[in-house]
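Chemist: So that we are looking at the same thing, I have put the structure below in structure tokens.
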Amino acid sequence: MQISTEELPGGITLVELDGRMDIAGAAAVDMKMNLIAGSAKKLLIDLKKVDFLGSMGLRSIVIPARAVNSRGGKVVLFAPNEMVESVLKTAGIDTLIPVRHDLDAAIAVLG
Amino acid sequence: MLTPENRMTGPDPSSPEPRLTLKSQLQDLTLVWSWVEALARRYSVPADTQFAIQLCLEEALSNIMRHGYQGQPSQSIAIECAPSGVENADGGELVFTVEDHAPPFDPFAAAPAAAPASIQELQPGGQGIRLMRTFASRLAWQQLPDGNRLTLAFAIPPLSPSVPSPLVP
């Protein structure tokens, strides 16, 4: 599981996740995700290279999203594949954290 | 990531064993992934069904390890895969049974938690049962004299004529 970050114009922090967000993958990115969530105000989580998402992987997204949200920030999930998005929908996360497949639309969510 | 190099390193992937025994430690889950990949190739399982199998097995096995065995790493878990009706024209099922020796617990007895109304209400855990109910075709729990048996079934398309006859467990 790989994680990389990039600062985009407008104060947006882009986090790209790459690999399997299973139990091992979630453990590999948890600390970095929580560090990022400690300071980011506008967080764009790029899921297009995530090919598996289990409930521990969901946890690695939800906890940082709650942290950003609790400080008045915004989070958007970008470009999950069909099965990863179906996991997000089953867990009800898509109704609470916006999911977008177009980068401009994702950036627009973050204002 | 799945790559040709790490997809399968065990015996002939065309004939995976029908039964796998794990220790109750999270690192043993990697054995399950390569086993499921071999089964998926063996039964021409579509990619989305393979995703569903891995998702449900991860949830079931991690629940047993963390809650059933309460983190004790030396307990055993047996998983068996049996094809059912895969030679039917309209397809069949891959049926996984997961047996442990943990205290009796029916994971499907409780109603799923209500959907959260805000990010702050969103609980980071507790999604496993909901995911299994959605992604498996059929689920069952049975109490054994000294443990539990979970059955998870997944619909698969009919085998093509080029695929060898099913395994006999």
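We label chains A, B, ... in the order they appear in the structure tokens, count residues from 1 in each chain, and number ligands from 1 in the order shown.
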Compute the set of chain B residues within 8 Å of chain A, using only C-alpha atoms, and express it as a VMD selection string.
Modeler: chain B and resid 1 26 to 27 48 51 55 58 to 59 115 to 120 122 to 128 130 to 131 134
Chemist: What are the DSSP strand (DSSP E) residues of range 35-110 of chain B, as a PyMOL selection string?
Modeler: chain B and resi 76-84+92-100
Chemist: What would the file look like if the residues just selected were written as a PDB file, in the first residue's frame with C-alpha atoms?
Modeler:
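selection25.pdb, written as the output of this step:
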ATOM      1  CA  SER B  76      -6.952 -22.364  14.355  1.00  0.00           C
ATOM      2  CA  ILE B  77      -9.491 -21.429  11.696  1.00  0.00           C
ATOM      3  CA  ALA B  78     -10.407 -23.817   8.872  1.00  0.00           C
ATOM      4  CA  ILE B  79     -11.814 -22.578   5.585  1.00  0.00           C
ATOM      5  CA  GLU B  80     -13.255 -24.844   2.953  1.00  0.00           C
ATOM      6  CA  CYS B  81     -14.421 -24.014  -0.556  1.00  0.00           C
ATOM      7  CA  ALA B  82     -16.912 -26.251  -2.320  1.00  0.00           C
ATOM      8  CA  PRO B  83     -18.407 -25.567  -5.738  1.00  0.00           C
ATOM      9  CA  SER B  84     -22.131 -26.136  -6.041  1.00  0.00           C
ATOM     10  CA  GLY B  92     -23.839 -22.114  -9.493  1.00  0.00           C
ATOM     11  CA  GLU B  93     -22.134 -21.043  -6.299  1.00  0.00           C
ATOM     12  CA  LEU B  94     -18.801 -21.133  -4.597  1.00  0.00           C
ATOM     13  CA  VAL B  95     -19.623 -22.010  -1.019  1.00  0.00           C
ATOM     14  CA  PHE B  96     -17.089 -21.140   1.683  1.00  0.00           C
ATOM     15  CA  THR B  97     -17.396 -22.565   5.182  1.00  0.00           C
ATOM     16  CA  VAL B  98     -15.335 -21.044   7.983  1.00  0.00           C
ATOM     17  CA  GLU B  99     -14.993 -23.045  11.197  1.00  0.00           C
ATOM     18  CA  ASP B 100     -13.492 -21.906  14.484  1.00  0.00           C
TER      19      ASP B 100
END
Chemist: Once DSSP has gone over the backbone, tell me which residues of range 37-116 of chain B are in alpha helix (DSSP H), as a list in words.
Modeler: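 DSSP on the backbone gives alpha helix (DSSP H) at Glu37, Ala38, Leu39, Ala40, Arg41, Arg42, Ala47, Asp48, Thr49, Gln50, Phe51, Ala52, Ile53, Gln54, Leu55, Cys56, Leu57, Glu58, Glu59, Ala60, Leu61, Ser62 and Asn63 of chain B.
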Chemist: Go ahead and save the picked residues with N, CA and C atoms, as a compact mmCIF listing (two decimals), in the first residue's frame.
Modeler:
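Printed below is part_16.txt as written:
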# COMPACT_ATOMS: atom_id res chain seq x y z
N GLU B 37 -7.40 -16.18 -5.03
CA GLU B 37 -7.03 -15.87 -6.41
C GLU B 37 -6.91 -17.15 -7.23
N ALA B 38 -6.33 -18.20 -6.63
CA ALA B 38 -6.20 -19.47 -7.35
C ALA B 38 -7.58 -20.08 -7.60
N LEU B 39 -8.46 -20.02 -6.61
CA LEU B 39 -9.83 -20.53 -6.80
C LEU B 39 -10.56 -19.73 -7.88
N ALA B 40 -10.32 -18.42 -7.89
CA ALA B 40 -11.00 -17.56 -8.86
C ALA B 40 -10.59 -17.94 -10.28
N ARG B 41 -9.29 -18.23 -10.45
CA ARG B 41 -8.84 -18.66 -11.78
C ARG B 41 -9.43 -20.03 -12.12
N ARG B 42 -9.45 -20.91 -11.12
CA ARG B 42 -9.94 -22.28 -11.33
C ARG B 42 -11.40 -22.30 -11.78
N ALA B 47 -14.17 -10.68 -11.75
CA ALA B 47 -13.38 -9.84 -10.84
C ALA B 47 -14.22 -9.26 -9.70
N ASP B 48 -15.47 -8.85 -10.00
CA ASP B 48 -16.26 -8.25 -8.93
C ASP B 48 -16.67 -9.30 -7.89
N THR B 49 -16.87 -10.55 -8.33
CA THR B 49 -17.20 -11.61 -7.37
C THR B 49 -15.98 -11.97 -6.53
N GLN B 50 -14.81 -11.96 -7.16
CA GLN B 50 -13.58 -12.21 -6.40
C GLN B 50 -13.39 -11.13 -5.33
N PHE B 51 -13.68 -9.89 -5.70
CA PHE B 51 -13.63 -8.78 -4.73
C PHE B 51 -14.57 -9.08 -3.57
N ALA B 52 -15.80 -9.50 -3.91
CA ALA B 52 -16.80 -9.77 -2.86
C ALA B 52 -16.36 -10.91 -1.94
N ILE B 53 -15.77 -11.95 -2.53
CA ILE B 53 -15.30 -13.09 -1.72
C ILE B 53 -14.21 -12.61 -0.76
N GLN B 54 -13.25 -11.84 -1.27
CA GLN B 54 -12.15 -11.38 -0.43
C GLN B 54 -12.66 -10.44 0.67
N LEU B 55 -13.60 -9.59 0.29
CA LEU B 55 -14.18 -8.66 1.27
C LEU B 55 -14.85 -9.42 2.41
N CYS B 56 -15.71 -10.37 2.04
CA CYS B 56 -16.47 -11.10 3.07
C CYS B 56 -15.57 -11.99 3.92
N LEU B 57 -14.58 -12.64 3.28
CA LEU B 57 -13.67 -13.48 4.07
C LEU B 57 -12.83 -12.63 5.00
N GLU B 58 -12.38 -11.46 4.54
CA GLU B 58 -11.60 -10.58 5.43
C GLU B 58 -12.43 -10.20 6.65
N GLU B 59 -13.70 -9.84 6.41
CA GLU B 59 -14.56 -9.45 7.53
C GLU B 59 -14.78 -10.63 8.48
N ALA B 60 -15.12 -11.79 7.91
CA ALA B 60 -15.41 -12.95 8.75
C ALA B 60 -14.18 -13.38 9.56
N LEU B 61 -13.05 -13.46 8.88
CA LEU B 61 -11.84 -13.96 9.55
C LEU B 61 -11.31 -12.96 10.58
N SER B 62 -11.33 -11.68 10.24
CA SER B 62 -10.82 -10.70 11.21
C SER B 62 -11.75 -10.62 12.42
N ASN B 63 -13.05 -10.80 12.22
CA ASN B 63 -13.97 -10.83 13.37
C ASN B 63 -13.65 -12.00 14.29
Chemist: Please provide as JSON, numbers by chain all residues within 10 Å of Lys41 in chain A, with the sequence filter that same-chain residues fewer than 4 positions apart are discarded (counting only C-alpha atoms).
Modeler: {"A": [11, 12, 13, 36, 37, 67, 68, 69, 71, 72, 73, 74, 75, 110]}
Chemist: Quick one: residues within 7 Å of Ile45 in chain A, only C-alpha atoms, excluding same-chain residues fewer than 6 positions away - as a ChimeraX atom specification?
Modeler: /A:14-16,76-78
Chemist: What gap, in Å, lies between CA of Thr30 in chain B and CA of Ala28 in chain A?
Modeler: 14.7 Å
Chemist: Tell me, in Å to one decimal, how far CA of Gly68 in chain B is from CA of Phe105 in chain B.
Modeler: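 Interatomic distance, CA of Gly68 in chain B to CA of Phe105 in chain B: 7.7 Å.
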Chemist: For Leu22 in chain B, which residue among B:Ser137, B:Ser74, B:Asn148, B:Gln143 is the nearest when counting only C-alpha atoms?
Modeler: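 For Leu22 in chain B, the nearest of the given residues is B:Ser74.
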Chemist: Taking 6 positions as the minimum chain separation for residues in the same chain, which residues sit within 10 Å of Asp106 in chain B when counting only C-alpha atoms? Answer as an MDAnalysis selection string.
Modeler: chainID B and resid 140:143 148:150
Chemist: Go ahead and write the residues just picked, C-alpha atoms, as an mmCIF file, in the first residue's frame.
Modeler:
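That gives us again_15.cif:
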data_model
loop_
_atom_site.group_PDB
_atom_site.id
_atom_site.type_symbol
_atom_site.label_atom_id
_atom_site.label_comp_id
_atom_site.auth_asym_id
_atom_site.auth_seq_id
_atom_site.Cartn_x
_atom_site.Cartn_y
_atom_site.Cartn_z
ATOM 1 C CA ALA B 140 -25.576 -18.794 7.408
ATOM 2 C CA TRP B 141 -24.283 -19.435 10.915
ATOM 3 C CA GLN B 142 -24.317 -22.732 12.747
ATOM 4 C CA GLN B 143 -23.225 -23.493 16.276
ATOM 5 C CA ASN B 148 -18.923 -21.877 15.040
ATOM 6 C CA ARG B 149 -19.453 -22.516 11.356
ATOM 7 C CA LEU B 150 -20.078 -19.618 8.988
#
Chemist: Tell me, in Å to one decimal, how far CA of Lys32 in chain A is from CA of Pro80 in chain A.
Modeler: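 Going from CA of Lys32 in chain A over to CA of Pro80 in chain A, I get 20.0 Å.
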